[in-house]
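Data block for upload_26.csv (CSV, C-alpha atoms):
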chain,number,residue,atom,x,y,z
A,183,MET,CA,-170.6,-184.7,-2.4
A,184,ARG,CA,-170.6,-181.0,-2.6
A,185,TYR,CA,-168.5,-178.8,-0.3
A,186,ARG,CA,-170.3,-176.0,1.5
A,187,GLY,CA,-167.6,-173.7,2.6
A,188,ASN,CA,-169.6,-170.7,3.6
A,189,GLY,CA,-170.3,-169.8,7.3
A,190,GLU,CA,-168.4,-170.6,10.5
A,191,PHE,CA,-168.3,-174.3,10.0
A,192,PRO,CA,-167.7,-175.9,6.5
A,193,PHE,CA,-169.5,-179.1,5.6
A,194,TYR,CA,-170.4,-181.4,2.8
A,195,GLN,CA,-173.7,-182.5,1.3
A,196,PHE,CA,-174.7,-185.4,-1.0
A,197,GLN,CA,-175.9,-184.2,-4.3
A,198,HIS,CA,-179.1,-186.4,-4.6
A,199,LEU,CA,-180.1,-185.7,-1.0
A,200,SER,CA,-179.6,-182.0,-1.5
A,201,ALA,CA,-182.2,-182.2,-4.3
A,202,CYS,CA,-184.8,-183.5,-1.9
A,203,ARG,CA,-187.4,-181.2,-0.4
A,204,GLY,CA,-188.2,-181.6,3.3
A,205,ILE,CA,-184.8,-182.7,4.7
A,206,ASN,CA,-181.5,-181.2,5.6
A,207,HIS,CA,-178.3,-183.1,6.0
A,208,PHE,CA,-174.5,-182.7,6.3
A,209,VAL,CA,-171.1,-184.4,6.6
A,210,SER,CA,-169.0,-182.1,8.8
A,211,SER,CA,-165.4,-181.1,7.9
A,212,GLY,CA,-162.7,-182.4,10.1
A,213,LEU,CA,-161.3,-178.9,10.5
A,214,LYS,CA,-163.2,-178.7,13.8
A,215,ASN,CA,-163.7,-181.6,16.2
A,216,ILE,CA,-167.3,-182.3,17.3
A,217,GLY,CA,-166.6,-185.5,19.3
A,218,PHE,CA,-166.4,-185.6,23.1
A,219,THR,CA,-163.3,-187.8,22.9
A,220,GLU,CA,-160.8,-188.5,25.7
A,221,PHE,CA,-158.4,-185.7,24.6
A,222,ALA,CA,-161.1,-183.1,23.6
A,223,GLU,CA,-161.9,-180.0,25.5
A,224,SER,CA,-165.6,-180.2,26.2
A,225,GLY,CA,-166.3,-176.5,26.0
A,226,LEU,CA,-164.7,-176.3,22.5
A,227,VAL,CA,-166.7,-179.3,21.3
A,228,ARG,CA,-169.9,-177.7,22.4
A,229,GLN,CA,-169.0,-174.5,20.7
A,230,ASN,CA,-168.1,-176.4,17.5
A,231,ARG,CA,-171.5,-178.2,17.5
A,232,LEU,CA,-173.3,-175.0,18.0
A,233,SER,CA,-171.4,-173.5,15.0
A,234,LEU,CA,-172.2,-176.6,12.9
A,235,ALA,CA,-175.9,-176.3,13.7
A,236,LYS,CA,-175.9,-172.7,12.8
A,237,ALA,CA,-174.1,-173.3,9.5
A,238,VAL,CA,-176.2,-176.2,8.4
A,239,GLY,CA,-179.5,-174.9,9.7
A,240,PHE,CA,-180.8,-177.2,12.4
A,241,ARG,CA,-181.5,-176.6,16.1
A,242,ALA,CA,-178.6,-177.8,18.3
A,243,ASP,CA,-181.0,-178.6,21.2
A,244,CYS,CA,-182.8,-181.1,18.9
A,245,LEU,CA,-179.6,-183.0,18.0
A,246,VAL,CA,-179.4,-186.7,18.9
A,247,THR,CA,-176.3,-188.8,19.2
A,248,ALA,CA,-175.5,-192.2,20.7
A,249,HIS,CA,-172.9,-194.2,22.4
A,250,GLN,CA,-171.5,-196.0,19.4
A,251,VAL,CA,-170.2,-199.5,20.2
A,252,HIS,CA,-169.7,-201.1,16.7
A,253,SER,CA,-172.9,-203.1,17.0
A,254,ALA,CA,-175.9,-203.8,14.7
A,255,HIS,CA,-178.3,-202.2,17.1
A,256,VAL,CA,-180.8,-199.8,15.6
A,257,CYS,CA,-182.7,-197.3,17.8
A,258,VAL,CA,-186.0,-195.6,16.8
A,259,VAL,CA,-185.8,-192.0,17.9
A,260,THR,CA,-188.8,-189.7,18.7
A,261,ALA,CA,-189.2,-186.1,19.5
A,262,TRP,CA,-189.0,-187.0,23.2
A,263,ASP,CA,-185.3,-187.9,22.6
A,264,ALA,CA,-184.4,-184.5,21.1
A,265,GLY,CA,-181.3,-183.2,22.8
A,266,CYS,CA,-179.9,-186.5,23.9
A,267,GLY,CA,-176.2,-186.2,23.5
A,268,SER,CA,-176.5,-182.9,21.8
A,269,LEU,CA,-174.1,-180.8,23.9
A,270,ASP,CA,-172.6,-183.4,26.3
A,271,ARG,CA,-171.4,-187.0,26.3
A,272,GLU,CA,-173.4,-188.2,29.3
A,273,SER,CA,-176.9,-187.8,27.9
A,274,ARG,CA,-176.4,-189.6,24.6
A,275,LEU,CA,-178.5,-192.6,23.8
A,276,PRO,CA,-177.0,-195.9,25.1
A,277,GLU,CA,-175.1,-198.4,23.0
A,278,THR,CA,-176.5,-198.1,19.5
A,279,ASP,CA,-175.0,-197.5,16.1
A,280,ALA,CA,-178.0,-196.5,14.0
A,281,LEU,CA,-180.7,-193.9,14.6
A,282,VAL,CA,-184.1,-193.8,12.8
A,283,THR,CA,-186.9,-191.2,13.1
A,284,ALA,CA,-190.1,-190.1,11.4
A,285,ASP,CA,-190.4,-187.0,13.7
A,286,ALA,CA,-189.6,-183.6,12.1
A,287,GLY,CA,-187.0,-181.4,13.7
A,288,VAL,CA,-185.0,-184.2,15.3
A,289,CYS,CA,-181.4,-184.2,13.8
A,290,LEU,CA,-179.8,-187.6,13.9
A,291,MET,CA,-176.0,-187.6,13.9
A,292,VAL,CA,-173.3,-190.3,13.9
A,293,LEU,CA,-169.7,-189.6,14.6
A,294,SER,CA,-166.7,-191.0,12.7
A,295,ALA,CA,-162.9,-191.0,12.5
A,296,ASP,CA,-162.6,-193.7,9.8
A,297,CYS,CA,-165.8,-195.7,10.2
A,298,VAL,CA,-168.5,-195.4,7.4
A,299,PRO,CA,-171.3,-192.9,8.0
A,300,VAL,CA,-174.5,-193.7,6.1
A,301,LEU,CA,-177.5,-191.4,5.7
A,302,LEU,CA,-180.9,-192.7,4.6
A,303,TYR,CA,-184.1,-191.0,3.5
A,304,GLU,CA,-187.4,-192.5,2.4
A,305,PRO,CA,-189.4,-189.6,0.9
A,306,VAL,CA,-192.8,-191.3,0.7
A,307,ARG,CA,-193.1,-192.2,4.4
A,308,ARG,CA,-190.8,-189.3,5.4
A,309,VAL,CA,-188.3,-191.3,7.5
A,310,VAL,CA,-184.6,-190.6,7.9
A,311,ALA,CA,-181.7,-192.6,9.4
A,312,ALA,CA,-178.1,-192.1,10.3
A,313,VAL,CA,-175.8,-195.2,10.5
A,314,HIS,CA,-172.4,-195.7,12.0
A,315,ALA,CA,-170.8,-198.7,10.1
A,316,GLY,CA,-167.4,-199.7,11.3
A,317,TRP,CA,-166.0,-202.9,10.0
A,318,ARG,CA,-167.6,-204.9,12.8
A,319,GLY,CA,-171.0,-203.1,12.2
A,320,THR,CA,-170.6,-203.8,8.5
A,321,VAL,CA,-170.0,-207.5,9.1
A,322,ALA,CA,-173.1,-207.4,11.3
A,323,ARG,CA,-175.0,-205.9,8.4
A,324,ILE,CA,-176.1,-202.8,10.3
A,325,ALA,CA,-177.0,-200.9,7.1
A,326,MET,CA,-179.4,-203.7,6.2
A,327,GLU,CA,-180.8,-203.9,9.7
A,328,THR,CA,-181.5,-200.2,9.6
A,329,VAL,CA,-183.5,-200.6,6.4
A,330,LYS,CA,-185.5,-203.5,8.0
A,331,VAL,CA,-186.4,-201.2,10.9
A,332,MET,CA,-187.5,-198.5,8.5
A,333,GLN,CA,-189.7,-201.1,6.7
A,334,GLN,CA,-191.1,-202.8,9.8
A,335,GLN,CA,-191.7,-199.7,12.0
A,336,PHE,CA,-192.8,-197.2,9.4
A,337,GLY,CA,-193.8,-199.1,6.3
A,338,CYS,CA,-191.0,-197.7,4.2
A,339,CYS,CA,-190.4,-199.1,0.7
A,340,SER,CA,-186.8,-200.0,0.2
A,341,GLY,CA,-186.9,-199.2,-3.5
A,342,SER,CA,-187.7,-195.5,-2.5
A,343,ILE,CA,-184.9,-195.1,0.0
A,344,LEU,CA,-182.0,-192.8,-1.0
A,345,ALA,CA,-178.6,-193.4,0.6
A,346,GLY,CA,-175.4,-191.5,1.0
A,347,ILE,CA,-172.3,-193.4,2.0
A,348,GLY,CA,-169.9,-190.9,3.5
A,349,PRO,CA,-166.2,-190.4,3.8
A,350,SER,CA,-164.3,-193.1,5.8
A,351,ILE,CA,-161.2,-195.1,5.5
A,352,GLY,CA,-160.8,-196.3,1.9
A,353,LYS,CA,-159.6,-199.6,0.6
A,354,CYS,CA,-156.4,-197.8,-0.1
A,355,CYS,CA,-155.7,-197.5,3.6
A,356,PHE,CA,-157.8,-200.2,5.2
A,357,GLU,CA,-155.3,-203.0,5.5
A,358,VAL,CA,-156.4,-206.0,7.7
A,359,ASP,CA,-155.2,-209.4,8.7
A,360,GLU,CA,-156.6,-212.7,7.4
A,361,GLU,CA,-159.1,-213.1,10.2
A,362,VAL,CA,-160.9,-209.8,9.4
A,363,ALA,CA,-160.7,-210.6,5.6
A,364,VAL,CA,-162.3,-214.0,6.2
A,365,SER,CA,-165.2,-212.3,7.9
A,366,PHE,CA,-166.0,-210.3,4.8
A,367,LYS,CA,-165.4,-213.2,2.5
A,368,ARG,CA,-168.0,-215.2,4.4
A,369,LEU,CA,-170.5,-212.4,4.2
A,370,PHE,CA,-170.1,-211.7,0.5
A,371,PRO,CA,-170.0,-214.7,-1.8
A,372,ASP,CA,-168.6,-212.5,-4.5
A,373,ALA,CA,-165.9,-211.0,-2.3
A,374,GLY,CA,-163.7,-209.9,-5.2
A,375,GLU,CA,-165.3,-206.5,-5.1
A,376,VAL,CA,-164.8,-206.1,-1.3
A,377,VAL,CA,-161.5,-207.9,-0.4
A,378,PHE,CA,-158.2,-207.6,-2.2
A,379,ALA,CA,-154.7,-208.8,-1.7
A,380,GLY,CA,-152.7,-206.5,0.6
A,381,ARG,CA,-149.3,-204.9,0.0
A,382,SER,CA,-147.7,-207.2,2.6
A,383,PRO,CA,-147.7,-211.0,2.8
A,384,GLY,CA,-150.7,-212.2,4.9
A,385,LYS,CA,-152.5,-208.8,4.6
A,386,PHE,CA,-155.6,-207.8,2.8
A,387,GLN,CA,-157.3,-204.5,1.7
A,388,VAL,CA,-161.1,-204.2,2.4
A,389,ASP,CA,-163.4,-201.8,0.6
A,390,LEU,CA,-166.0,-200.8,3.2
A,391,TRP,CA,-167.8,-198.5,0.7
A,392,ALA,CA,-168.4,-201.5,-1.6
A,393,ALA,CA,-169.5,-203.7,1.3
A,394,ASN,CA,-172.1,-201.2,2.6
A,395,ARG,CA,-173.3,-200.5,-0.9
A,396,LYS,CA,-173.8,-204.3,-1.4
A,397,GLU,CA,-175.7,-204.5,1.8
A,398,LEU,CA,-178.0,-201.7,0.8
A,399,VAL,CA,-178.7,-203.2,-2.6
A,400,ASP,CA,-179.3,-206.6,-0.9
A,401,ALA,CA,-181.8,-204.8,1.3
A,402,GLY,CA,-183.7,-203.6,-1.8
A,403,LEU,CA,-182.3,-200.2,-2.5
A,404,LYS,CA,-181.9,-199.3,-6.2
A,405,PRO,CA,-178.2,-198.9,-7.1
A,406,GLU,CA,-178.9,-195.6,-8.7
A,407,HIS,CA,-180.3,-194.3,-5.3
A,408,ILE,CA,-176.9,-194.9,-3.6
A,409,GLU,CA,-174.3,-192.1,-3.7
A,410,VAL,CA,-170.8,-192.9,-2.5
A,411,ALA,CA,-168.6,-190.0,-1.4
A,412,GLY,CA,-165.4,-191.9,-2.3
A,413,MET,CA,-163.2,-189.8,0.0
A,414,CYS,CA,-160.7,-191.6,2.2
A,415,SER,CA,-160.5,-190.1,5.7
A,416,VAL,CA,-156.9,-191.2,6.1
A,417,CYS,CA,-155.7,-189.7,2.9
A,418,HIS,CA,-157.4,-186.3,3.5
A,419,PRO,CA,-156.1,-184.8,6.8
A,420,GLU,CA,-157.1,-181.4,5.7
A,421,HIS,CA,-160.8,-182.5,5.6
A,422,PHE,CA,-161.4,-185.4,7.9
A,423,PHE,CA,-160.2,-186.9,11.2
A,424,SER,CA,-158.7,-190.4,11.1
A,425,TYR,CA,-158.1,-192.8,14.0
A,426,ARG,CA,-155.8,-195.0,12.0
A,427,ARG,CA,-153.7,-191.9,11.0
A,428,ASP,CA,-153.8,-189.9,14.3
A,429,GLY,CA,-154.5,-192.6,16.9
A,430,LYS,CA,-156.3,-191.7,20.2
A,431,ALA,CA,-155.7,-188.0,19.7
A,432,ALA,CA,-158.0,-188.1,16.6
A,433,GLY,CA,-161.1,-185.9,16.7
A,434,ARG,CA,-164.4,-186.8,15.2
A,435,PHE,CA,-166.4,-185.5,12.2
A,436,GLY,CA,-170.2,-186.1,12.0
A,437,ALA,CA,-172.9,-187.1,9.5
A,438,GLY,CA,-176.4,-186.0,10.2
A,439,ILE,CA,-179.9,-185.7,8.8
A,440,VAL,CA,-183.1,-184.1,9.9
A,441,LEU,CA,-186.7,-183.9,8.6
A,442,GLN,CA,-187.7,-180.3,8.2
A,443,GLU,CA,-190.9,-179.2,9.9
A,444,SER,CA,-192.7,-178.9,6.6
A,445,ASP,CA,-191.9,-179.9,3.0
A,446,LEU,CA,-194.2,-177.4,1.5

Rewritten as C-alpha cells:
Amino acid sequence: MRYRGNGEFPFYQFQHLSACRGINHFVSSGLKNIGFTEFAESGLVRQNRLSLAKAVGFRADCLVTAHQVHSAHVCVVTAWDAGCGSLDRESRLPETDALVTADAGVCLMVLSADCVPVLLYEPVRRVVAAVHAGWRGTVARIAMETVKVMQQQFGCCSGSILAGIGPSIGKCCFEVDEEVAVSFKRLFPDAGEVVFAGRSPGKFQVDLWAANRKELVDAGLKPEHIEVAGMCSVCHPEHFFSYRRDGKAAGRFGAGIVLQESDL
C-alpha cells in the first residue's frame, strides 16, 4: 500500500488498484475515528467522515455502510442506497458484512479495528465490493461468497477480479484457543500456512491474511491479482485502531471503494 499523507485526512491506497482507471479507493488512517462506536462523539465522527471524503475525492452523501455482524451475508447495493449509514449509525444497511455494486458514484465502506477489510474490483463488468472479514466471517468464507455474488449477479469473471487485503490483526498478534484453531484447520486442508503453534501451551496463531488470500484463490482469483497490505493493526497504534489492543474504547478505520462516474 501507498501512504497518501496530503490533505486533512491521511489514507492509504493499494498499488494495483491505484493503477486502475474508473475507480477510487482508500484505507483510512487510524489517526481519526470514523466509526460510530459506543464511546465516540457522533459530531466528531461525522466531521471525520466528511474530511475523509474530501481528502479521497468521493461524495460523503453517497457513502454506504452496514451493521457488521461477522456474518457471510453479502448485500447488493444500488444508487437508491446511497447515503445509508453515511453520516449516522441508524440508517446503515442491516446485518451484512459485504457490499457489492455496479452503480457509479456509490462508495462502499467497511469498518475495522482488527478484522480484515477486503476490496474487490472487476474491471470488465465494472463491479466493486467491500468486505469485512473477521475470523468468523473468514471461517464462513465471506470473501468467496462475495466473489460468487459478483459472478451470479453481474457476470463477473473471477480471473479478472483485483483484490486488496487491508491492514488487520496479523498472525503475530492473533493468538487463539484450540477451538478457533480447529475451525481454520477444518476449512483449510493445508492449514500449515494459516495456523501456527502459539507462544503459550494450548494457544495458536492464525494468519487471517493468508486465510482470505486462499479463499480468493479458491474462488478463482489469480494470485498475482491479490495485494496484501501486510500491516498489523495491533502493532501500529500510530496508524490503525485495534480492539485487541485498546478494548471497547477503540475507534474504527475504514476501507472503501467507488466506481467513478466515467472511466474515460

Which residues are close to Ala325 of chain A, i.e. within 10 Å by all atoms listed in the file, leaving aside same-chain residues fewer than 5 positions away? Reply as a VMD selection string. chain A and resid 254 256 279 to 280 299 to 302 311 to 315 319 to 320 330 393 to 398 401

Nearby residues (all atoms listed in the file) at most 10 Å from Phe221 of chain A, same-chain spacing under 3 positions excluded, as number ranges by chain: A: 217-218, 224, 430-433

When you draw a straight line from atom CA of Ala345 of chain A to atom CA of Cys417 of chain A, how long is it in Å?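 Computed distance, atom CA of Ala345 of chain A to atom CA of Cys417 of chain A, equals 23.3 Å.
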
Give me the residues within 12 Å of Arg427 of chain A as a PDB file with C-alpha atoms, in the coordinates of the input, counting only C-alpha atoms and dropping any in the same chain fewer than 5 places off.
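Contents of result.pdb, as written:
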ATOM      1  CA  ALA A 295    -162.900-191.000  12.500  1.00  0.00           C
ATOM      2  CA  ASP A 296    -162.600-193.700   9.800  1.00  0.00           C
ATOM      3  CA  SER A 350    -164.300-193.100   5.800  1.00  0.00           C
ATOM      4  CA  ILE A 351    -161.200-195.100   5.500  1.00  0.00           C
ATOM      5  CA  CYS A 355    -155.700-197.500   3.600  1.00  0.00           C
ATOM      6  CA  PHE A 356    -157.800-200.200   5.200  1.00  0.00           C
ATOM      7  CA  CYS A 414    -160.700-191.600   2.200  1.00  0.00           C
ATOM      8  CA  SER A 415    -160.500-190.100   5.700  1.00  0.00           C
ATOM      9  CA  VAL A 416    -156.900-191.200   6.100  1.00  0.00           C
ATOM     10  CA  CYS A 417    -155.700-189.700   2.900  1.00  0.00           C
ATOM     11  CA  HIS A 418    -157.400-186.300   3.500  1.00  0.00           C
ATOM     12  CA  PRO A 419    -156.100-184.800   6.800  1.00  0.00           C
ATOM     13  CA  PHE A 422    -161.400-185.400   7.900  1.00  0.00           C
ATOM     14  CA  ALA A 432    -158.000-188.100  16.600  1.00  0.00           C
ATOM     15  CA  GLY A 433    -161.100-185.900  16.700  1.00  0.00           C
TER      16      GLY A 433
END

With only C-alpha atoms as the atoms that count, which of A:Lys236, A:Arg308, A:Arg231, A:His407 lies nearest to Met291 of chain A? A:Arg231

Please compute the atom CA of Ser382 of chain A-atom CA of Val358 of chain A distance, one decimal, in Å.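 Pair atom CA of Ser382 of chain A / atom CA of Val358 of chain A returns 10.2 Å.
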
So that I can see what lies close to Pro305 of chain A, please list as a list of chain:residue names the residues with an atom at most 10 Å from it, counting only C-alpha atoms and leaving out residues fewer than 4 positions away in the same chain.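 What passes the distance filter is A:Cys202, A:Arg203, A:Gly204, A:Ile205, A:Val309, A:Val310, A:Cys338, A:Cys339, A:Ser342, A:Ile343, A:Leu344, A:Leu441.
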
Have a look at atom CA of Ile216 of chain A and atom CA of Asp270 of chain A and let me know their distance in Å, one decimal.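 Going from atom CA of Ile216 of chain A over to atom CA of Asp270 of chain A, I get 10.5 Å.
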
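Distance check against Met413 of chain A using all atoms listed in the file: of A:Gln442, A:Leu234, A:Pro349, A:Asp359, the minimum falls on A:Pro349.
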
Within 10 Å of segment 190-197 of chain A: each segment 308-348 of chain A residue with its shortest pair, all atoms listed in the file, as a tab-separated table:
residue	atom	partner	partner_atom	distance
A:Ala345	CA	A:Phe196	CA	9.0
A:Gly346	CA	A:Phe196	CA	6.5
A:Ile347	CA	A:Phe196	CA	8.9
A:Gly348	CA	A:Phe196	CA	8.6

Cut-off 10 Å around (-191.2, -191.0, 14.9) with only C-alpha atoms: residues as a list of chain:residue names: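 The residues that fall inside the cut-off are A:Val258, A:Val259, A:Thr260, A:Ala261, A:Trp262, A:Val282, A:Thr283, A:Ala284, A:Asp285, A:Ala286, A:Val288, A:Arg308, A:Val309, A:Val310, A:Gln335, A:Phe336.
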
Which residue is closest to Phe370 of chain A? Choose from A:Met332, A:Leu275, A:Ala235, A:Val321 and count only C-alpha atoms.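 Between A:Met332, A:Leu275, A:Ala235, A:Val321, the residue approaching Phe370 of chain A most closely is A:Val321.
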
Of the candidates A:Leu390, A:Val209, A:Leu226, A:Val251, which one gets nearest to Val238 of chain A if we count only C-alpha atoms?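 Closest candidate: A:Val209.
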
So, counting all atoms listed in the file, which residue among A:Ala222, A:Val298, A:Val329, A:Leu281 is closest to Gly341 of chain A? A:Val329

Report as a PDB file with C-alpha atoms, in the frame of the given file all protein, DNA and RNA residues lying within 6 Å of Asp243 of chain A, evaluated on all atoms listed in the file, omitting residues in the same chain fewer than 2 positions from it.
ATOM      1  CA  ARG A 241    -181.500-176.600  16.100  1.00  0.00           C
ATOM      2  CA  LEU A 245    -179.600-183.000  18.000  1.00  0.00           C
ATOM      3  CA  GLY A 265    -181.300-183.200  22.800  1.00  0.00           C
TER       4      GLY A 265
END

Determine the nearest neighbour of Ala242 of chain A from the options A:Ser268, A:Ser273, A:Thr219, A:Gln387, counting only C-alpha atoms. A:Ser268
